[in-house]
file work-v9.cif (mmCIF, C-alpha atoms)
data_model
loop_
_atom_site.label_atom_id
_atom_site.label_comp_id
_atom_site.auth_asym_id
_atom_site.auth_seq_id
_atom_site.Cartn_x
_atom_site.Cartn_y
_atom_site.Cartn_z
CA MET A 20 77.01 -12.56 -18.58
CA ILE A 21 74.66 -10.64 -16.31
CA ARG A 22 72.68 -9.41 -19.32
CA THR A 23 72.39 -12.95 -20.62
CA THR A 24 71.19 -14.18 -17.24
CA ILE A 25 68.51 -11.46 -17.02
CA ILE A 26 67.24 -12.26 -20.52
CA LEU A 27 67.09 -15.95 -19.61
CA ILE A 28 65.12 -15.25 -16.38
CA VAL A 29 62.63 -13.00 -18.21
CA ALA A 30 62.16 -15.64 -20.89
CA MET A 31 61.48 -18.28 -18.22
CA MET A 32 58.97 -16.01 -16.46
CA VAL A 33 57.08 -15.37 -19.69
CA GLY A 34 57.07 -19.06 -20.49
CA CYS A 35 55.69 -19.96 -17.05
CA SER A 36 52.99 -17.28 -16.95
CA PRO A 37 49.38 -18.41 -17.63
CA GLN A 38 48.15 -17.60 -21.09
CA VAL A 39 45.63 -14.78 -21.33
CA THR A 40 43.34 -14.49 -24.34
CA TYR A 41 42.18 -11.07 -25.44
CA VAL A 42 39.35 -10.24 -27.83
CA SER A 43 40.92 -8.24 -30.60
CA GLN A 44 37.96 -7.91 -32.94
CA VAL A 45 34.19 -8.34 -32.79
CA ASN A 46 31.95 -8.79 -35.81
CA PRO A 47 28.39 -8.61 -34.41
CA ASP A 48 25.24 -9.71 -36.21
CA TYR A 49 21.89 -8.25 -35.08
CA TYR A 50 18.63 -10.17 -35.19
CA ARG A 51 15.30 -8.54 -34.34
CA ILE A 52 13.22 -10.68 -32.02
CA ASP A 53 10.47 -8.17 -31.31
CA LYS A 54 9.00 -8.21 -34.80
CA ARG A 55 5.90 -10.28 -35.30
CA GLN A 56 6.23 -12.88 -38.00
CA ASP A 57 4.17 -12.26 -41.11
CA THR A 58 2.40 -15.58 -41.08
CA ASP A 59 1.32 -17.87 -38.26
CA ASP A 60 2.87 -21.28 -37.90
CA GLU A 61 0.06 -23.58 -39.02
CA GLU A 62 1.29 -26.49 -36.91
CA ILE A 63 1.41 -24.39 -33.72
CA THR A 64 -1.96 -22.81 -34.50
CA ALA A 65 -3.53 -26.23 -34.96
CA LEU A 66 -1.96 -27.42 -31.71
CA ILE A 67 -3.29 -24.62 -29.53
CA GLN A 68 -6.66 -24.10 -31.21
CA PRO A 69 -8.60 -26.67 -29.12
CA TYR A 70 -7.27 -25.12 -25.89
CA LYS A 71 -7.99 -21.59 -27.10
CA THR A 72 -11.52 -22.53 -28.05
CA GLU A 73 -12.15 -24.13 -24.66
CA LEU A 74 -10.64 -21.13 -22.85
CA ASP A 75 -12.69 -18.65 -24.86
CA GLN A 76 -15.87 -20.59 -24.10
CA SER A 77 -15.06 -20.56 -20.38
CA MET A 78 -14.10 -16.87 -20.22
CA ASN A 79 -17.15 -15.79 -22.24
CA ARG A 80 -19.62 -17.70 -20.09
CA ILE A 81 -22.20 -15.33 -18.61
CA ILE A 82 -22.74 -15.91 -14.90
CA GLY A 83 -25.04 -13.02 -14.04
CA THR A 84 -25.73 -9.33 -14.37
CA VAL A 85 -24.52 -6.07 -12.85
CA GLU A 86 -27.50 -4.06 -11.60
CA LYS A 87 -25.98 -0.65 -12.29
CA ASP A 88 -22.62 0.84 -13.35
CA MET A 89 -20.21 0.50 -10.42
CA SER A 90 -16.88 2.31 -10.19
CA LYS A 91 -13.82 1.84 -8.03
CA ASN A 92 -13.24 4.89 -5.86
CA LYS A 93 -11.89 6.18 -2.56
CA PRO A 94 -12.96 6.30 0.18
CA ASN A 95 -16.21 4.56 -0.85
CA SER A 96 -17.90 3.11 -3.90
CA PRO A 97 -20.47 0.42 -4.72
CA LEU A 98 -17.74 -1.70 -6.32
CA ASN A 99 -15.63 -1.42 -3.16
CA ASN A 100 -18.63 -2.45 -1.08
CA TRP A 101 -19.44 -5.48 -3.23
CA VAL A 102 -15.89 -6.82 -3.23
CA ALA A 103 -15.54 -6.53 0.56
CA ASP A 104 -18.96 -8.08 1.15
CA VAL A 105 -17.99 -11.06 -1.03
CA LEU A 106 -14.94 -11.70 1.16
CA LEU A 107 -17.09 -11.46 4.29
CA ASP A 108 -19.85 -13.76 3.00
CA GLU A 109 -17.54 -16.39 1.54
CA ALA A 110 -15.32 -16.45 4.63
CA ASN A 111 -18.34 -16.71 6.94
CA ALA A 112 -19.74 -19.55 4.85
CA ARG A 113 -16.57 -21.55 5.49
CA VAL A 114 -15.41 -20.68 9.01
CA GLY A 115 -18.19 -18.57 10.57
CA ASN A 116 -17.97 -15.75 13.13
CA VAL A 117 -16.01 -13.37 10.88
CA ASP A 118 -16.49 -9.82 12.15
CA PHE A 119 -15.50 -7.88 9.04
CA ALA A 120 -13.54 -8.04 5.79
CA VAL A 121 -11.24 -5.70 3.91
CA GLN A 122 -9.74 -5.69 0.41
CA ASN A 123 -6.69 -3.60 -0.44
CA TYR A 124 -7.61 -0.89 -2.93
CA GLY A 125 -4.88 -1.80 -5.43
CA GLY A 126 -6.11 -5.38 -5.58
CA ILE A 127 -9.14 -4.32 -7.62
CA ARG A 128 -7.75 -4.15 -11.14
CA VAL A 129 -10.58 -2.60 -13.15
CA PRO A 130 -11.92 0.95 -12.77
CA ASN A 131 -15.55 -0.11 -13.09
CA LEU A 132 -18.08 -2.81 -13.84
CA ALA A 133 -20.63 -1.79 -16.46
CA GLN A 134 -24.32 -2.45 -16.06
CA GLY A 135 -25.40 -5.59 -17.88
CA GLU A 136 -24.10 -9.11 -18.31
CA ILE A 137 -21.05 -10.23 -16.35
CA THR A 138 -18.76 -12.99 -17.64
CA ILE A 139 -16.12 -15.11 -15.96
CA GLY A 140 -13.55 -13.28 -18.07
CA LYS A 141 -14.60 -9.96 -16.53
CA ILE A 142 -14.15 -11.40 -13.05
CA TYR A 143 -10.64 -12.44 -14.06
CA GLU A 144 -9.97 -8.88 -15.20
CA LEU A 145 -11.28 -7.59 -11.88
CA MET A 146 -9.08 -9.95 -9.85
CA PRO A 147 -6.33 -11.35 -12.12
CA PHE A 148 -3.85 -12.31 -9.40
CA ASP A 149 -3.99 -15.61 -7.54
CA ASN A 150 -4.85 -13.94 -4.23
CA LEU A 151 -6.47 -16.20 -1.64
CA ILE A 152 -8.84 -15.38 1.19
CA THR A 153 -7.14 -15.49 4.57
CA VAL A 154 -8.90 -15.18 7.93
CA LEU A 155 -6.96 -13.59 10.78
CA THR A 156 -7.75 -13.31 14.48
CA ALA A 157 -6.03 -10.47 16.31
CA ASP A 158 -6.38 -8.14 19.27
CA GLY A 159 -7.75 -4.63 19.13
CA LYS A 160 -4.31 -3.05 18.87
CA ILE A 161 -3.58 -4.82 15.58
CA VAL A 162 -7.07 -4.08 14.25
CA GLN A 163 -6.58 -0.40 15.03
CA MET A 164 -3.28 -0.48 13.12
CA LEU A 165 -5.01 -2.09 10.14
CA LEU A 166 -7.78 0.51 10.08
CA ASP A 167 -5.22 3.30 10.51
CA ARG A 168 -3.37 1.91 7.50
CA ILE A 169 -6.61 2.03 5.50
CA ALA A 170 -7.29 5.57 6.72
CA ASP A 171 -3.79 6.72 5.81
CA TYR A 172 -4.31 5.37 2.28
CA GLY A 173 -7.57 7.26 1.92
CA GLY A 174 -9.84 4.22 2.06
CA TRP A 175 -10.00 0.54 1.14
CA PRO A 176 -13.09 -1.57 0.54
CA ILE A 177 -14.59 -2.60 3.88
CA SER A 178 -17.57 -4.87 4.52
CA ARG A 179 -21.08 -3.97 5.63
CA ASN A 180 -21.87 -3.14 9.26
CA THR A 181 -18.34 -1.79 9.60
CA SER A 182 -17.47 1.89 9.39
CA PHE A 183 -15.11 4.57 10.64
CA THR A 184 -14.15 8.19 10.16
CA ILE A 185 -10.77 9.33 8.85
CA ARG A 186 -9.43 12.11 11.03
CA ASP A 187 -5.84 13.32 10.65
CA GLY A 188 -4.96 10.12 8.79
CA LYS A 189 -6.28 7.86 11.58
CA ALA A 190 -9.40 5.72 11.97
CA VAL A 191 -11.78 6.99 14.67
CA ASP A 192 -15.42 6.39 15.64
CA ILE A 193 -15.00 2.78 14.58
CA ILE A 194 -17.96 0.42 14.29
CA ILE A 195 -17.25 -3.28 13.67
CA ASN A 196 -20.00 -5.77 12.95
CA GLY A 197 -22.56 -3.23 14.12
CA LYS A 198 -20.88 -2.59 17.49
CA PRO A 199 -18.54 0.14 18.78
CA PHE A 200 -14.90 -0.87 18.52
CA ASP A 201 -13.40 -2.22 21.75
CA PRO A 202 -9.57 -2.03 21.86
CA GLN A 203 -9.57 -4.78 24.50
CA SER A 204 -11.49 -7.25 22.36
CA THR A 205 -10.29 -9.81 19.82
CA TYR A 206 -11.58 -9.69 16.26
CA THR A 207 -11.69 -12.12 13.36
CA PHE A 208 -11.49 -10.67 9.87
CA ALA A 209 -11.03 -11.76 6.25
CA LEU A 210 -8.63 -10.22 3.75
CA PRO A 211 -6.37 -11.19 0.83
CA ASP A 212 -3.36 -13.36 1.69
CA TYR A 213 -1.21 -10.68 0.03
CA VAL A 214 -2.15 -8.26 2.83
CA ALA A 215 -1.92 -10.95 5.52
CA ASN A 216 1.64 -11.62 4.31
CA GLY A 217 2.55 -7.98 4.98
CA GLY A 218 1.80 -6.51 1.56
CA ASP A 219 0.65 -2.92 1.17
CA ASN A 220 2.61 -1.93 4.28
CA SER A 221 0.65 -4.31 6.51
CA PHE A 222 3.71 -5.90 8.14
CA PHE A 223 2.08 -5.63 11.60
CA LEU A 224 -0.29 -8.52 10.75
CA SER A 225 2.47 -11.13 10.93
CA GLY A 226 1.70 -12.02 14.56
CA ALA A 227 -2.02 -12.65 14.06
CA LYS A 228 -3.57 -16.10 14.29
CA ARG A 229 -4.07 -17.25 10.71
CA ASN A 230 -6.42 -19.49 8.77
CA ASP A 231 -5.73 -19.76 5.02
CA LEU A 232 -8.92 -20.82 3.27
CA LYS A 233 -7.13 -21.87 0.04
CA LEU A 234 -9.91 -20.13 -1.88
CA LEU A 235 -9.03 -17.75 -4.68
CA ILE A 236 -10.82 -14.42 -4.33
CA ARG A 237 -11.95 -14.50 -7.96
CA ASP A 238 -13.38 -18.02 -7.46
CA ALA A 239 -15.20 -16.69 -4.41
CA MET A 240 -16.60 -13.87 -6.55
CA ILE A 241 -17.82 -16.27 -9.22
CA HIS A 242 -19.43 -18.50 -6.60
CA HIS A 243 -21.03 -15.49 -4.91
CA VAL A 244 -22.64 -14.26 -8.13
CA GLU A 245 -23.93 -17.73 -9.03
CA THR A 246 -25.43 -18.28 -5.58
CA HIS A 247 -26.89 -14.78 -5.03
CA GLU A 248 -29.56 -14.55 -7.71
CA ASN A 249 -26.86 -14.24 -10.39
CA LYS A 250 -26.63 -10.54 -9.59
CA ILE A 251 -24.01 -8.06 -8.50
CA LYS A 252 -26.05 -5.67 -6.41
CA TYR A 253 -25.49 -1.92 -6.31
CA ILE A 254 -24.92 -0.92 -2.67
CA ASP A 255 -24.06 2.76 -2.32
CA GLU A 256 -23.27 2.86 1.40
CA LYS A 257 -20.83 5.39 2.86
CA ARG A 258 -18.79 3.14 5.13
CA ILE A 259 -15.79 5.45 5.46
CA LEU A 260 -16.28 9.13 6.26
CA VAL A 261 -13.60 11.82 5.97
CA GLN A 262 -13.50 14.60 8.52
#
call {"tool": "encode", "arguments": {"input": "work-v9.cif", "output": "structure tokens"}}
result
Amino acid sequence: MIRTTIILIVAMMVGCSPQVTYVSQVNPDYYRIDKRQDTDDEEITALIQPYKTELDQSMNRIIGTVEKDMSKNKPNSPLNNWVADVLLDEANARVGNVDFAVQNYGGIRVPNLAQGEITIGKIYELMPFDNLITVLTADGKIVQMLLDRIADYGGWPISRNTSFTIRDGKAVDIIINGKPFDPQSTYTFALPDYVANGGDNSFFLSGAKRNDLKLLIRDAMIHHVETHENKIKYIDEKRILVQ
């Protein structure tokens, strides 16, 4: 009787338990999706062709010339100088009274610009990301931290009339806008929004007064070339010294 009761209870428990489904066998099929198809889809090709043609025409449009081969380098280079000067000029044209400008080194995405014609497409290669120009106003303490960050990296592009010496990974003998740096003063400077947002270890900029120009850096570059004799000038100034 007891055995019968136990069997009955076990049967009831099994019957009341939720059903569990187990995978007992898998028969996989493999499909390669990384292989390029042998022939183009004529319908798709016809659809995108007008847009591709228009894009190619835009990217291949010549907007000026590069005076001389310019390379990206640390702590200084003519390409560094030109990029930083563009930020300074374009920011000053819109808000005025900008003391200096900086561009993070990694933001320049080509190793050099070759002497000769420059196209819009090449500017896109130089600055492919949608980085905007931002103008910050901050006290001398924050500016010193920014320049120390640049010194610790070994140099970023900085604008004309601004210079410093790297000593023990810090920025010293600082000149800003042609004047000796004053830690008690307030400065206004232009830089990519990526840096203003704390990128490239620039988190200390979060408290600065901010003015977003809503101007893409590459658009600023294109405008600068077209409004400055259609030339990218070779400026071989040593703005950052290493001691």
call {"tool": "residues_around", "arguments": {"input": "work-v9.cif", "residues": "stretch 203-219 of chain A", "least_positions_apart": "4", "cutoff": "7 Å", "atoms": "all atoms listed in the file", "output": "PyMOL selection string"}}
result
chain A and resi 106-107+110+117-122+150-159+224-225
call {"tool": "atom_distance", "arguments": {"input": "work-v9.cif", "atom1": "atom CA of A:Thr84", "atom2": "atom CA of A:Thr72"}}
result
23.7 Å
call {"tool": "residues_around", "arguments": {"input": "work-v9.cif", "residues": "A:Ile137", "least_positions_apart": "3", "cutoff": "10 Å", "atoms": "only C-alpha atoms", "output": "NGL selection string"}}
result
:A and (79-85 or 132-134 or 140-142 or 241 or 244 or 249-251)
call {"tool": "resolve_selection", "arguments": {"input": "work-v9.cif", "expression": "the PyMOL selection byres ((chain A and resi 235) around 9)", "output": "NGL selection string"}}
result
:A and (148-152 or 211 or 232-234 or 236-240)
call {"tool": "atom_distance", "arguments": {"input": "work-v9.cif", "atom1": "atom CA of A:Asp167", "atom2": "atom CA of A:Ser221"}}
result
10.4 Å
call {"tool": "decode", "arguments": {"input": "work-v9.cif", "residues": "stretch 173-214 of chain A", "atoms": "N, CA and C atoms", "output": "short mmCIF file (atom, residue, chain, number, x, y, z; two decimals), in the first residue's frame"}}
result
data_model
loop_
_atom_site.label_atom_id
_atom_site.label_comp_id
_atom_site.auth_asym_id
_atom_site.auth_seq_id
_atom_site.Cartn_x
_atom_site.Cartn_y
_atom_site.Cartn_z
N GLY A 173 53.39 65.14 -25.96
CA GLY A 173 54.51 65.37 -26.87
C GLY A 173 54.23 66.42 -27.92
N GLY A 174 53.07 67.07 -27.83
CA GLY A 174 52.72 68.14 -28.76
C GLY A 174 51.44 67.90 -29.52
N TRP A 175 50.61 68.93 -29.58
CA TRP A 175 49.43 69.00 -30.44
C TRP A 175 49.61 70.22 -31.34
N PRO A 176 48.83 70.33 -32.39
CA PRO A 176 48.81 71.57 -33.16
C PRO A 176 48.30 72.73 -32.31
N ILE A 177 49.06 73.81 -32.29
CA ILE A 177 48.63 75.03 -31.60
C ILE A 177 48.76 76.21 -32.56
N SER A 178 47.96 77.23 -32.36
CA SER A 178 47.86 78.34 -33.31
C SER A 178 49.02 79.32 -33.17
N ARG A 179 49.13 80.19 -34.16
CA ARG A 179 50.20 81.18 -34.20
C ARG A 179 50.13 82.12 -32.99
N ASN A 180 51.27 82.74 -32.71
CA ASN A 180 51.41 83.67 -31.58
C ASN A 180 51.20 82.99 -30.23
N THR A 181 51.24 81.68 -30.25
CA THR A 181 51.14 80.90 -29.01
C THR A 181 52.28 79.89 -29.02
N SER A 182 52.96 79.76 -27.88
CA SER A 182 54.09 78.85 -27.81
C SER A 182 54.35 78.46 -26.36
N PHE A 183 55.09 77.37 -26.19
CA PHE A 183 55.56 76.99 -24.86
C PHE A 183 56.69 75.99 -25.01
N THR A 184 57.34 75.71 -23.89
CA THR A 184 58.41 74.73 -23.85
C THR A 184 57.97 73.55 -23.01
N ILE A 185 58.26 72.35 -23.48
CA ILE A 185 57.97 71.14 -22.71
C ILE A 185 59.17 70.84 -21.82
N ARG A 186 58.94 70.85 -20.53
CA ARG A 186 59.99 70.54 -19.57
C ARG A 186 59.42 69.57 -18.54
N ASP A 187 60.01 68.38 -18.48
CA ASP A 187 59.54 67.33 -17.55
C ASP A 187 58.05 67.04 -17.74
N GLY A 188 57.60 67.04 -18.99
CA GLY A 188 56.21 66.71 -19.29
C GLY A 188 55.22 67.79 -18.97
N LYS A 189 55.70 69.02 -18.67
CA LYS A 189 54.82 70.14 -18.36
C LYS A 189 55.08 71.29 -19.33
N ALA A 190 54.09 72.17 -19.46
CA ALA A 190 54.22 73.35 -20.31
C ALA A 190 54.75 74.52 -19.49
N VAL A 191 55.88 75.08 -19.91
CA VAL A 191 56.47 76.23 -19.22
C VAL A 191 56.81 77.30 -20.26
N ASP A 192 57.16 78.49 -19.77
CA ASP A 192 57.51 79.61 -20.65
C ASP A 192 56.41 79.82 -21.69
N ILE A 193 55.19 79.91 -21.22
CA ILE A 193 54.03 79.96 -22.10
C ILE A 193 53.79 81.38 -22.63
N ILE A 194 53.56 81.47 -23.91
CA ILE A 194 53.14 82.71 -24.56
C ILE A 194 51.79 82.44 -25.21
N ILE A 195 50.80 83.29 -24.93
CA ILE A 195 49.47 83.14 -25.52
C ILE A 195 49.07 84.45 -26.19
N ASN A 196 48.76 84.35 -27.46
CA ASN A 196 48.36 85.52 -28.23
C ASN A 196 49.40 86.62 -28.14
N GLY A 197 50.68 86.21 -28.14
CA GLY A 197 51.78 87.16 -28.15
C GLY A 197 52.15 87.72 -26.79
N LYS A 198 51.49 87.26 -25.73
CA LYS A 198 51.76 87.80 -24.39
C LYS A 198 52.11 86.67 -23.42
N PRO A 199 52.96 86.97 -22.41
CA PRO A 199 53.28 85.96 -21.40
C PRO A 199 52.01 85.47 -20.69
N PHE A 200 51.96 84.20 -20.45
CA PHE A 200 50.81 83.59 -19.79
C PHE A 200 50.63 84.12 -18.38
N ASP A 201 49.40 84.48 -18.04
CA ASP A 201 49.06 84.97 -16.71
C ASP A 201 48.08 83.99 -16.06
N PRO A 202 48.50 83.25 -15.04
CA PRO A 202 47.61 82.26 -14.41
C PRO A 202 46.34 82.87 -13.82
N GLN A 203 46.37 84.19 -13.57
CA GLN A 203 45.21 84.85 -12.97
C GLN A 203 44.22 85.36 -14.01
N SER A 204 44.58 85.25 -15.27
CA SER A 204 43.72 85.77 -16.33
C SER A 204 42.73 84.72 -16.81
N THR A 205 41.78 85.17 -17.60
CA THR A 205 40.81 84.29 -18.26
C THR A 205 41.10 84.29 -19.76
N TYR A 206 41.02 83.11 -20.37
CA TYR A 206 41.35 82.98 -21.78
C TYR A 206 40.19 82.35 -22.55
N THR A 207 40.10 82.73 -23.81
CA THR A 207 39.10 82.15 -24.71
C THR A 207 39.85 81.41 -25.82
N PHE A 208 39.46 80.17 -26.06
CA PHE A 208 40.21 79.36 -27.02
C PHE A 208 39.27 78.43 -27.78
N ALA A 209 39.69 78.08 -29.00
CA ALA A 209 38.91 77.21 -29.88
C ALA A 209 39.56 75.84 -29.95
N LEU A 210 38.73 74.83 -30.07
CA LEU A 210 39.20 73.44 -30.14
C LEU A 210 38.07 72.54 -30.62
N PRO A 211 38.34 71.30 -30.97
CA PRO A 211 37.26 70.40 -31.40
C PRO A 211 36.31 70.08 -30.25
N ASP A 212 35.03 69.91 -30.57
CA ASP A 212 34.06 69.56 -29.53
C ASP A 212 34.41 68.24 -28.86
N TYR A 213 35.08 67.35 -29.58
CA TYR A 213 35.52 66.08 -29.00
C TYR A 213 36.40 66.31 -27.77
N VAL A 214 37.31 67.26 -27.88
CA VAL A 214 38.19 67.59 -26.75
C VAL A 214 37.40 68.33 -25.67
#
